[in-house]
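Trainee: Supplied structure: data18.cif, mmCIF, C-alpha atoms.
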data_my_file
#
loop_
_atom_site.label_atom_id
_atom_site.label_comp_id
_atom_site.auth_asym_id
_atom_site.auth_seq_id
_atom_site.Cartn_x
_atom_site.Cartn_y
_atom_site.Cartn_z
CA LEU P 1 219.52 139.95 65.89
CA LEU P 2 218.41 136.61 64.43
CA ASP P 3 217.76 138.14 60.99
CA SER P 4 221.15 139.83 60.84
CA ALA P 5 223.78 138.50 58.45
CA ASP P 6 226.47 140.68 60.04
CA THR P 7 226.03 140.55 63.81
CA ARG P 8 227.92 137.59 65.25
CA ILE P 9 227.08 135.58 68.36
CA ALA P 10 229.78 133.84 70.41
CA PHE P 11 229.32 130.20 71.47
CA HIS P 12 231.40 127.75 73.47
CA PRO P 13 231.35 124.49 71.41
CA LEU P 14 231.12 122.06 74.38
CA LYS P 15 234.40 123.39 75.82
CA SER P 16 234.58 126.78 77.51
CA ALA P 17 238.22 127.12 76.44
CA HIS P 18 237.13 127.47 72.79
CA THR P 19 234.85 130.03 71.16
CA VAL P 20 233.16 130.07 67.77
CA PHE P 21 231.16 132.86 66.15
CA ILE P 22 228.08 132.49 63.98
CA THR P 23 225.63 134.99 62.61
CA GLY P 24 222.10 135.38 63.91
CA ALA P 25 220.76 134.31 60.52
CA ILE P 26 222.64 131.00 60.67
CA LEU P 27 221.34 130.35 64.20
CA LYS P 28 217.78 131.07 63.12
CA ALA P 29 218.11 128.76 60.09
CA PHE P 30 219.37 125.98 62.36
CA VAL P 31 216.50 126.41 64.84
CA ASP P 32 213.96 126.41 62.00
CA SER P 33 215.46 123.21 60.55
CA VAL P 34 215.20 121.12 63.74
CA GLU P 35 211.96 119.24 64.26
CA GLY P 36 210.42 119.25 67.72
CA LEU P 37 211.57 122.72 68.76
CA GLN P 38 208.08 124.15 69.07
CA HIS P 39 208.96 125.20 72.64
CA VAL P 40 211.52 127.73 71.34
CA THR P 41 210.38 131.32 71.87
CA VAL P 42 212.00 134.22 70.02
CA MET P 43 211.95 137.43 72.06
CA ASP P 44 212.48 140.68 70.19
CA PHE P 45 213.19 143.30 72.84
CA ALA P 46 213.86 146.02 70.30
CA ALA P 47 210.31 145.64 68.96
CA GLN P 48 208.74 146.40 72.31
CA SER P 49 207.38 149.91 71.86
CA GLU P 50 205.97 150.05 75.39
CA PRO P 51 208.47 148.82 77.94
CA ALA P 52 207.13 146.66 80.73
CA ALA P 53 206.71 148.11 84.17
CA LYS P 54 210.10 148.42 85.77
CA PRO P 55 210.58 146.30 88.87
CA ALA P 56 212.22 147.92 91.83
CA ALA P 57 215.97 147.70 91.57
CA LYS P 58 217.61 145.10 93.72
CA PRO P 59 220.00 146.64 96.22
CA ALA P 60 223.58 145.88 95.39
CA SER P 61 225.01 143.42 97.85
CA LYS P 62 228.09 144.34 99.81
CA PRO P 63 231.33 142.55 99.04
CA ALA P 64 231.75 139.51 101.25
CA ALA P 65 234.08 139.93 104.16
CA LYS P 66 237.30 137.98 104.00
CA ALA P 67 237.11 134.72 105.90
CA THR P 68 239.56 134.42 108.78
CA THR P 69 238.34 131.16 110.30
CA ALA P 70 241.14 128.70 110.94
CA VAL P 71 240.87 125.36 109.18
CA THR P 72 240.99 122.58 111.74
CA GLY P 73 239.83 118.98 112.05
CA ALA P 74 238.83 116.30 109.57
CA ALA P 75 235.59 118.08 108.70
CA ASP P 76 237.61 120.93 107.18
CA ALA P 77 240.01 118.73 105.23
CA GLU P 78 238.13 119.48 102.02
CA GLU P 79 238.74 123.22 102.38
CA ALA P 80 242.30 122.72 103.60
CA SER P 81 243.14 120.81 100.42
CA GLY P 82 241.84 123.66 98.30
CA ALA P 83 238.81 121.71 97.13
CA SER P 84 236.45 124.50 98.17
CA SER P 85 238.15 127.15 96.01
CA ARG P 86 236.82 128.02 92.59
CA GLU P 87 240.08 127.19 90.84
CA ILE P 88 240.44 123.97 88.87
CA THR P 89 244.09 123.00 89.23
CA ALA P 90 243.92 119.55 87.61
CA SER P 91 243.38 119.10 83.88
CA LYS P 92 240.81 116.71 82.47
CA GLU P 93 243.33 115.08 80.15
CA GLY P 94 246.25 115.10 82.60
CA ASP P 95 244.69 113.94 85.89
CA PHE P 96 241.11 112.85 85.26
CA PRO P 97 240.23 111.50 88.75
CA ARG P 98 241.47 114.64 90.50
CA TRP P 99 239.83 116.88 87.90
CA TYR P 100 236.50 115.09 88.37
CA ASN P 101 236.54 115.58 92.14
CA GLN P 102 237.57 119.23 91.85
CA VAL P 103 234.84 120.01 89.33
CA LEU P 104 232.14 118.50 91.55
CA THR P 105 233.23 120.25 94.74
CA ASN P 106 234.25 123.59 93.23
CA SER P 107 231.00 123.90 91.30
CA GLU P 108 229.11 123.22 94.54
CA MET P 109 227.38 120.15 93.14
CA LEU P 110 228.61 117.95 95.95
CA SER P 111 230.35 118.02 99.33
CA TYR P 112 232.18 115.25 101.11
CA TYR P 113 230.59 113.74 104.22
CA ASP P 114 232.28 112.30 107.32
CA VAL P 115 231.15 108.75 106.44
CA SER P 116 233.37 107.26 103.74
CA GLY P 117 231.53 106.66 100.48
CA CYS P 118 228.66 109.01 101.37
CA TYR P 119 228.25 112.50 99.93
CA ILE P 120 226.02 115.55 100.25
CA VAL P 121 224.13 116.25 97.02
CA ARG P 122 223.95 120.05 96.89
CA PRO P 123 221.18 122.09 95.21
CA LEU P 124 222.89 122.46 91.80
CA ALA P 125 223.15 118.68 91.38
CA TYR P 126 219.84 117.92 93.06
CA PHE P 127 218.09 120.20 90.57
CA VAL P 128 219.45 117.99 87.77
CA TRP P 129 218.03 114.94 89.56
CA GLN P 130 214.65 116.70 89.92
CA GLN P 131 214.55 117.39 86.19
CA ILE P 132 215.29 113.73 85.52
CA GLN P 133 212.56 112.74 87.98
CA GLU P 134 209.96 114.95 86.29
CA PHE P 135 210.83 113.72 82.79
CA PHE P 136 210.98 110.03 83.68
CA ASP P 137 207.96 110.13 85.99
CA ALA P 138 205.83 111.55 83.18
CA GLY P 139 207.10 108.78 80.89
CA ILE P 140 206.28 105.90 83.22
CA ARG P 141 202.89 107.33 84.14
CA SER P 142 202.02 107.22 80.44
CA LEU P 143 202.84 103.49 80.60
CA GLY P 144 200.46 102.98 83.51
CA VAL P 145 203.08 102.82 86.27
CA LYS P 146 202.11 104.20 89.70
CA ASN P 147 204.43 105.46 92.44
CA CYS P 148 204.57 103.99 95.94
CA TYR P 149 207.01 103.59 98.83
CA PHE P 150 208.22 100.52 100.72
CA PRO P 151 210.25 100.47 103.99
CA MET P 152 214.05 100.37 103.70
CA PHE P 153 214.43 97.39 106.04
CA VAL P 154 214.16 93.74 105.05
CA SER P 155 214.43 90.76 107.38
CA SER P 156 217.23 88.24 106.89
CA ARG P 157 214.77 85.35 106.40
CA VAL P 158 213.02 87.17 103.55
CA LEU P 159 216.25 88.36 101.93
CA GLU P 160 217.72 84.87 101.96
CA ARG P 161 214.70 83.24 100.28
CA GLU P 162 216.15 83.96 96.83
CA LYS P 163 219.56 82.26 96.91
CA ASP P 164 221.00 83.53 93.61
CA HIS P 165 219.78 87.05 94.34
CA ILE P 166 221.26 87.33 97.83
CA GLU P 167 224.55 85.75 96.72
CA GLY P 168 224.88 88.50 94.10
CA PHE P 169 224.35 91.25 96.68
CA ALA P 170 225.68 89.62 99.89
CA PRO P 171 229.01 91.51 100.02
CA GLU P 172 227.21 94.86 99.66
CA VAL P 173 224.41 94.38 102.20
CA ALA P 174 224.54 96.60 105.30
CA TRP P 175 222.95 95.09 108.43
CA VAL P 176 221.29 96.63 111.47
CA THR P 177 222.01 94.37 114.45
CA LYS P 178 221.42 96.60 117.48
CA ALA P 179 218.76 98.95 118.82
CA GLY P 180 220.44 101.08 121.44
CA SER P 181 222.55 98.67 123.51
CA LYS P 182 220.38 95.61 122.79
CA ASP P 183 220.91 93.08 120.02
CA LEU P 184 217.97 92.65 117.67
CA GLU P 185 216.31 89.24 117.72
CA GLU P 186 216.59 89.17 113.94
CA PRO P 187 219.11 91.26 111.97
CA LEU P 188 217.60 93.69 109.48
CA ALA P 189 219.19 94.43 106.11
CA ILE P 190 219.06 97.90 104.58
CA ARG P 191 217.76 97.39 101.08
CA PRO P 192 220.39 97.11 98.35
CA THR P 193 217.39 96.76 95.99
CA SER P 194 213.76 95.92 96.69
CA GLU P 195 212.81 92.69 94.90
CA THR P 196 212.70 90.71 98.16
CA VAL P 197 211.05 93.63 99.95
CA MET P 198 208.15 93.96 97.52
CA TYR P 199 207.41 90.53 96.12
CA PRO P 200 205.90 88.92 99.25
CA TYR P 201 203.24 91.61 98.91
CA PHE P 202 202.81 90.99 95.20
CA ALA P 203 201.70 87.49 96.24
CA LYS P 204 199.05 89.04 98.51
CA TRP P 205 197.85 91.67 96.06
CA ILE P 206 197.69 89.57 92.87
CA ARG P 207 194.80 87.12 93.21
CA SER P 208 193.57 86.90 89.62
CA HIS P 209 194.76 87.58 86.09
CA ARG P 210 192.44 90.59 86.28
CA ASP P 211 194.90 92.13 88.76
CA LEU P 212 197.54 92.15 86.05
CA PRO P 213 199.55 93.98 85.01
CA LEU P 214 200.71 95.35 88.36
CA LYS P 215 203.09 98.26 87.74
CA ILE P 216 204.70 100.20 90.57
CA ASN P 217 207.76 102.42 91.02
CA GLN P 218 209.43 104.04 93.99
CA TRP P 219 211.89 106.93 94.32
CA CYS P 220 214.19 106.21 97.24
CA SER P 221 217.77 105.65 98.38
CA VAL P 222 219.53 102.31 98.64
CA VAL P 223 222.71 101.22 100.44
CA ARG P 224 225.44 99.04 98.94
CA TRP P 225 228.36 98.96 101.30
CA GLU P 226 231.29 96.77 100.40
CA PHE P 227 233.84 98.40 98.10
CA LYS P 228 237.24 100.04 98.49
CA ASN P 229 237.31 103.02 96.14
CA PRO P 230 234.19 105.21 96.30
CA GLN P 231 233.66 107.73 93.52
CA PRO P 232 231.11 110.56 93.81
CA PHE P 233 227.88 109.79 91.94
CA LEU P 234 229.43 106.68 90.34
CA ARG P 235 230.13 104.30 93.22
CA THR P 236 228.74 105.40 96.55
CA ARG P 237 227.52 103.56 99.63
CA GLU P 238 224.16 105.33 99.56
CA PHE P 239 222.62 106.72 96.40
CA LEU P 240 219.31 108.02 95.11
CA TRP P 241 217.46 106.14 92.41
CA GLN P 242 214.14 104.95 91.12
CA GLU P 243 213.25 101.30 90.97
CA GLY P 244 210.29 99.95 89.06
CA HIS P 245 208.78 96.52 89.71
CA CYS P 246 206.03 95.06 87.55
CA ALA P 247 204.17 91.79 87.08
CA HIS P 248 202.64 90.59 83.79
CA LEU P 249 200.64 87.62 82.60
CA THR P 250 202.95 86.80 79.68
CA GLU P 251 206.62 87.01 78.77
CA LYS P 252 205.69 89.05 75.69
CA ASP P 253 204.06 91.78 77.77
CA ALA P 254 206.94 91.80 80.25
CA MET P 255 209.59 92.09 77.52
CA ALA P 256 207.66 94.90 75.82
CA GLU P 257 207.83 96.87 79.06
CA VAL P 258 211.55 96.11 79.50
CA HIS P 259 212.25 97.76 76.15
CA ASP P 260 209.82 100.66 76.75
CA ILE P 261 211.72 101.51 79.94
CA LEU P 262 215.08 101.16 78.23
CA THR P 263 213.91 103.67 75.62
CA LEU P 264 212.99 106.11 78.39
CA TYR P 265 216.46 105.70 79.91
CA ARG P 266 218.05 106.43 76.56
CA ARG P 267 215.91 109.55 76.23
CA VAL P 268 216.96 110.76 79.68
CA TYR P 269 220.59 110.64 78.62
CA GLU P 270 220.19 111.93 75.09
CA GLU P 271 217.36 114.47 75.41
CA LEU P 272 218.03 115.86 78.89
CA LEU P 273 221.75 115.31 79.47
CA ALA P 274 222.94 115.46 75.83
CA VAL P 275 224.93 112.25 76.35
CA PRO P 276 224.78 109.61 73.57
CA VAL P 277 224.23 106.05 74.78
CA ILE P 278 223.89 102.61 73.19
CA GLU P 279 221.15 100.12 74.05
CA GLY P 280 222.30 96.56 74.59
CA ILE P 281 222.00 93.25 76.49
CA LYS P 282 224.25 92.20 79.36
CA SER P 283 226.17 88.93 79.20
CA GLU P 284 225.18 85.99 81.40
CA LYS P 285 227.94 86.90 83.88
CA GLU P 286 226.90 90.55 84.01
CA LYS P 287 223.14 90.16 84.18
CA PHE P 288 221.12 90.99 87.29
CA ALA P 289 221.45 88.42 90.08
CA GLY P 290 218.43 86.09 89.94
CA GLY P 291 217.08 87.56 86.70
CA ALA P 292 216.54 85.98 83.29
CA ALA P 293 217.95 88.80 81.12
CA THR P 294 219.28 92.34 81.61
CA THR P 295 219.13 95.15 79.06
CA THR P 296 221.22 98.27 79.50
CA VAL P 297 222.10 101.69 78.15
CA GLU P 298 225.86 102.20 78.03
CA GLY P 299 227.71 105.48 77.73
CA PHE P 300 231.28 106.26 76.72
CA ILE P 301 233.74 108.54 78.51
CA PRO P 302 236.12 109.85 75.80
CA THR P 303 238.81 111.01 78.26
CA THR P 304 239.29 107.55 79.77
CA GLY P 305 238.30 105.53 76.72
CA ARG P 306 235.97 103.42 78.84
CA GLY P 307 232.31 102.58 78.73
CA ILE P 308 230.00 103.14 81.69
CA GLN P 309 226.66 101.59 82.59
CA GLY P 310 223.90 104.17 82.47
CA GLY P 311 220.74 102.31 83.52
CA THR P 312 219.37 98.77 83.44
CA SER P 313 215.99 97.19 82.71
CA HIS P 314 215.62 93.54 83.71
CA TYR P 315 213.36 90.71 82.64
CA LEU P 316 213.16 88.56 85.76
CA GLY P 317 211.19 85.78 84.10
CA GLN P 318 209.30 83.66 86.61
CA ASN P 319 212.25 83.21 88.97
CA PHE P 320 210.99 85.51 91.71
CA SER P 321 207.31 84.66 91.24
CA LYS P 322 208.16 81.00 91.85
CA MET P 323 210.15 81.88 94.96
CA PHE P 324 207.43 84.13 96.40
CA ASN P 325 204.49 82.17 94.95
CA VAL P 326 203.05 85.00 92.86
CA VAL P 327 200.47 83.04 90.85
CA VAL P 328 197.15 83.41 89.03
CA GLU P 329 194.79 80.94 87.44
CA ASP P 330 195.44 80.41 83.72
CA PRO P 331 192.77 82.49 81.92
CA ASP P 332 193.24 80.47 78.72
CA VAL P 333 191.80 77.36 80.37
CA THR P 334 188.00 77.63 80.22
CA GLU P 335 186.92 74.20 81.44
CA GLY P 336 187.56 72.27 84.62
CA VAL P 337 190.06 73.34 87.24
CA ARG P 338 192.27 76.13 86.02
CA PRO P 339 195.97 75.46 86.70
CA LYS P 340 198.04 78.05 88.54
CA ILE P 341 200.67 79.88 86.50
CA HIS P 342 203.48 82.10 87.74
CA VAL P 343 203.54 85.71 86.61
CA HIS P 344 206.37 87.22 84.55
CA GLN P 345 208.18 90.06 86.29
CA THR P 346 210.39 93.02 85.46
CA SER P 347 212.51 95.43 87.46
CA TRP P 348 214.39 98.50 86.30
CA GLY P 349 216.47 101.26 87.88
CA LEU P 350 218.17 104.59 87.14
CA SER P 351 220.29 106.44 89.70
CA THR P 352 222.16 109.67 90.38
CA ARG P 353 225.05 108.08 88.47
CA THR P 354 223.44 109.98 85.59
CA ILE P 355 224.84 113.21 87.09
CA GLY P 356 228.37 111.85 87.24
CA VAL P 357 228.23 110.68 83.63
CA MET P 358 226.97 114.11 82.54
CA VAL P 359 229.84 115.88 84.31
CA MET P 360 232.51 113.52 82.94
CA VAL P 361 231.29 113.88 79.36
CA HIS P 362 230.64 117.64 79.22
CA GLY P 363 232.94 119.19 81.84
CA ASP P 364 236.22 120.83 80.84
CA ASP P 365 239.23 122.47 82.46
CA LYS P 366 237.14 125.53 83.34
CA GLY P 367 234.66 123.44 85.34
CA VAL P 368 231.24 121.88 84.96
CA VAL P 369 229.28 122.39 81.71
CA MET P 370 225.50 122.07 82.16
CA PRO P 371 223.16 120.93 79.37
CA PRO P 372 220.47 123.65 79.12
CA ARG P 373 217.48 121.40 79.84
CA VAL P 374 218.79 120.45 83.29
CA ALA P 375 220.61 123.67 84.19
CA GLU P 376 219.14 125.39 87.22
CA THR P 377 220.17 128.74 85.71
CA GLN P 378 219.98 128.87 81.93
CA VAL P 379 220.71 132.58 81.46
CA VAL P 380 222.67 135.07 83.58
CA ILE P 381 222.22 138.78 82.89
CA ILE P 382 225.24 140.89 83.82
CA PRO P 383 225.17 144.71 83.72
CA CYS P 384 228.18 146.11 81.88
CA GLY P 385 229.60 149.61 81.67
CA LEU P 386 228.94 150.53 85.30
CA THR P 387 231.94 152.80 85.74
CA SER P 388 232.61 155.44 88.36
CA LYS P 389 231.90 158.12 85.74
CA LEU P 390 228.20 157.26 85.52
CA SER P 391 225.64 159.26 87.39
CA ASP P 392 223.22 157.57 89.78
CA GLU P 393 220.43 158.01 87.22
CA GLU P 394 222.47 156.33 84.46
CA ARG P 395 223.32 153.42 86.77
CA ARG P 396 219.65 153.06 87.67
CA GLN P 397 218.65 152.94 84.00
CA ILE P 398 221.11 150.11 83.31
CA THR P 399 219.96 148.20 86.37
CA ASP P 400 216.29 148.64 85.48
CA ALA P 401 216.95 147.46 81.93
CA CYS P 402 218.60 144.28 83.23
CA LEU P 403 215.72 143.57 85.61
CA ASN P 404 213.24 144.25 82.82
CA VAL P 405 214.91 141.65 80.58
CA GLU P 406 215.00 139.20 83.50
CA ALA P 407 211.26 139.57 84.09
CA ARG P 408 210.43 139.02 80.41
CA LEU P 409 212.61 135.94 80.16
CA LYS P 410 210.99 134.47 83.27
CA MET P 411 207.57 135.02 81.71
CA ALA P 412 208.81 133.08 78.66
CA GLY P 413 209.77 130.12 80.90
CA VAL P 414 213.52 130.71 80.91
CA ARG P 415 215.40 130.00 84.16
CA VAL P 416 217.22 133.31 84.43
CA GLU P 417 219.14 135.26 87.05
CA ALA P 418 220.18 138.92 86.99
CA ASP P 419 223.54 139.17 88.73
CA MET P 420 223.43 142.68 90.19
CA ARG P 421 226.27 142.25 92.67
CA ASP P 422 228.73 145.10 92.91
CA ILE P 423 231.70 143.07 91.67
CA THR P 424 233.63 142.78 88.45
CA PRO P 425 231.70 140.57 85.95
CA GLY P 426 233.05 137.07 85.65
CA ARG P 427 234.23 136.71 89.23
#
Using structure tokens, write down the structure from this file.
Mentor:
Amino acid sequence: LLDSADTRIAFHPLKSAHTVFITGAILKAFVDSVEGLQHVTVMDFAAQSEPAAKPAAKPASKPAAKATTAVTGAADAEEASGASSREITASKEGDFPRWYNQVLTNSEMLSYYDVSGCYIVRPLAYFVWQQIQEFFDAGIRSLGVKNCYFPMFVSSRVLEREKDHIEGFAPEVAWVTKAGSKDLEEPLAIRPTSETVMYPYFAKWIRSHRDLPLKINQWCSVVRWEFKNPQPFLRTREFLWQEGHCAHLTEKDAMAEVHDILTLYRRVYEELLAVPVIEGIKSEKEKFAGGAATTTVEGFIPTTGRGIQGGTSHYLGQNFSKMFNVVVEDPDVTEGVRPKIHVHQTSWGLSTRTIGVMVMVHGDDKGVVMPPRVAETQVVIIPCGLTSKLSDEERRQITDACLNVEARLKMAGVRVEADMRDITPGR
């Protein structure tokens, strides 16, 4: 097929409403011209003289019975509004907010929850997040970062130690004030971010310049409560993210890490999600509360004409180390009493907002469009020609051929599914 100058292959060029045709030879020439595609495997099924052992045919599933359950109550409002159907009734260009919500719910990426601003991340979307986790985790491990986990609660006295920091997050902080029917002696905040959670322990762990750099990361959820218009994946009261926190001896080392992380964020968007982003620096008004400088990757949503923040990497300077007394003796002083110097710190975070950006950029009026590297199913095999005129033996041969191709693609590392349901293809 790839060597043919006549056989044409159909592609959807980013939008499923449009189709283009190219020859196998042109596709092969393109693949050969792109550097870094060593992972591409060409499978020539026609050249297989000895077919692989045929797996047992999967029994055809029975058509689903028609649902007759009445829709009642607030929990069923999503279905009552038609959000659970497969049909996209809003257009991306005509009603972008409604289209975005329909695409997420109809594709089964997300379901609404009974707490405003909170959502259920369903398997299709969570798989995307897992792919991002695997890619980014490998990147930060190569930089010497280690994973850990800190509790989600932070006491009010600790949170309020960094005035500029808490003022930046104060409206968004959710507080736990009761345990059962009793008031807590001291209110506990649910982390909006973990600088004030972690840095008292940095002061305990870092005793010498030999303990530097200290590089840790945690995968967790955070809560940021106060806002009026929640948007799935973009602005939610609880969301999943990673947050890295590191301490260095010098500003130079800290800034080098800030830019290394920013490069990884750009690669997440461009190499996994196929979304172009621009690296930049936030203004003084937009920078992280309590930090010295904030770098960012910014995306662009063509339909709205607006930019969107994709991920941030902060140089905190010595602001937090002075507040939490994270100090070491100056190793450059070799005589007399060595003076104490404050360490230079960084923090950086990337969240499930990445999924929302991916959907807004690639989705179309047919629904969600998944970049191949993060798609849970990359290939679907559909048996065609199964008419009532075929004998049982002929049907079995077609089914076995589909399952055979599925098995070979799985062995080649392709995420593939053979759809053997007894329904019309495309439904």
Trainee: Check which residues satisfy the PyMOL selection byres ((chain P and resi 348-351) around 8) in the file shown, then give them as an mmCIF file with C-alpha atoms, keeping the file's coordinate frame.
Mentor:
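Ended up saving to result_34.cif:
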data_model
loop_
_atom_site.group_PDB
_atom_site.id
_atom_site.type_symbol
_atom_site.label_atom_id
_atom_site.label_comp_id
_atom_site.auth_asym_id
_atom_site.auth_seq_id
_atom_site.Cartn_x
_atom_site.Cartn_y
_atom_site.Cartn_z
ATOM 1 C CA PHE P 239 222.620 106.720 96.400
ATOM 2 C CA LEU P 240 219.310 108.020 95.110
ATOM 3 C CA TRP P 241 217.460 106.140 92.410
ATOM 4 C CA GLN P 242 214.140 104.950 91.120
ATOM 5 C CA GLU P 243 213.250 101.300 90.970
ATOM 6 C CA GLY P 244 210.290 99.950 89.060
ATOM 7 C CA HIS P 245 208.780 96.520 89.710
ATOM 8 C CA VAL P 258 211.550 96.110 79.500
ATOM 9 C CA ILE P 261 211.720 101.510 79.940
ATOM 10 C CA TYR P 265 216.460 105.700 79.910
ATOM 11 C CA GLY P 310 223.900 104.170 82.470
ATOM 12 C CA GLY P 311 220.740 102.310 83.520
ATOM 13 C CA THR P 312 219.370 98.770 83.440
ATOM 14 C CA SER P 313 215.990 97.190 82.710
ATOM 15 C CA HIS P 314 215.620 93.540 83.710
ATOM 16 C CA THR P 346 210.390 93.020 85.460
ATOM 17 C CA SER P 347 212.510 95.430 87.460
ATOM 18 C CA THR P 352 222.160 109.670 90.380
ATOM 19 C CA ARG P 353 225.050 108.080 88.470
ATOM 20 C CA THR P 354 223.440 109.980 85.590
#
Trainee: Expanded to explicit residues, what is the PyMOL selection byres ((chain P and resi 316-327) around 7) for this file, as a list of chain:residue names?
Mentor: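 Expected selection for the PyMOL selection byres ((chain P and resi 316-327) around 7) here is P:Glu162, P:Tyr199, P:Pro200, P:Phe202, P:Ala203, P:Gly290, P:Gly291, P:Ala292, P:Ala293, P:His314, P:Tyr315, P:Val328, P:Glu329, P:Lys340, P:Ile341, P:His342, P:Val343, P:His344, P:Gln345, P:Thr346.
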Trainee: Would you compute the distance between CA of Tyr112 in chain P and CA of Gly363 in chain P? Give it in Å to one decimal.
Mentor: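 Going from CA of Tyr112 in chain P over to CA of Gly363 in chain P covers 19.7 Å.
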Trainee: Using all atoms listed in the file for the distances, tell me which of P:Val268, P:Ile206, P:Ile355, P:Met411 is nearest to Glu134 in chain P.
Mentor: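 Residue with the minimum atom-to-atom distance to Glu134 in chain P: P:Val268.
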Trainee: Can you tell me how far CA of Ala274 in chain P sits from CA of Gly356 in chain P, in Å to one decimal?
Mentor: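 Interatomic distance, CA of Ala274 in chain P to CA of Gly356 in chain P: 13.1 Å.
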Trainee: What is the CA of Val103 in chain P to CA of Gly367 in chain P distance in Å?
Mentor: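 We find that CA of Val103 in chain P and CA of Gly367 in chain P lie 5.3 Å from each other.
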Trainee: Once the PyMOL selection byres ((chain P and resi 382) around 6) has been applied to the shown file, what residues remain in the selection, as a PDB file with C-alpha atoms, in the frame of the given file?
Mentor:
ATOM      1  CA  ILE P 381     222.220 138.780  82.890  1.00  0.00           C
ATOM      2  CA  PRO P 383     225.170 144.710  83.720  1.00  0.00           C
ATOM      3  CA  ASP P 419     223.540 139.170  88.730  1.00  0.00           C
TER       4      ASP P 419
END
Trainee: Axis-aligned box over every listed atom of range 273-279 of chain P, padded by 5 Å per side: centre and edges in Å to one decimal, as lines of an AutoDock Vina configuration file?
Mentor:
center_x = 223.0
center_y = 107.8
center_z = 76.3
size_x = 13.8
size_y = 25.3
size_z = 16.3
Trainee: I need the residue nearest Tyr269 in chain P from this list: P:Leu27, P:Ile132, P:Ala138, P:Cys148. Use only C-alpha atoms for the distance.
Mentor: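 Closest residue, counting only C-alpha atoms: P:Ile132.
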Trainee: Using all atoms listed in the file, which residues sit within 6 Å of range 412-418 of chain P once same-chain residues fewer than 5 positions away are excluded, as a list in words?
Mentor: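 Listing them by chain and then by number gives Thr377, Gln378, Val379, Val380 and Ile381 of chain P.
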Trainee: Skip range 385-395 of chain P itself and residues of its chain fewer than 2 positions away, then list as a list in words all residues within 12 Å of it, counting only C-alpha atoms.
Mentor: Ala57, Ala60, Ile382, Pro383, Gln397, Ile398, Thr399, Asp400, Ala401, Cys402, Met420, Arg421, Asp422, Ile423, Thr424 and Pro425 of chain P
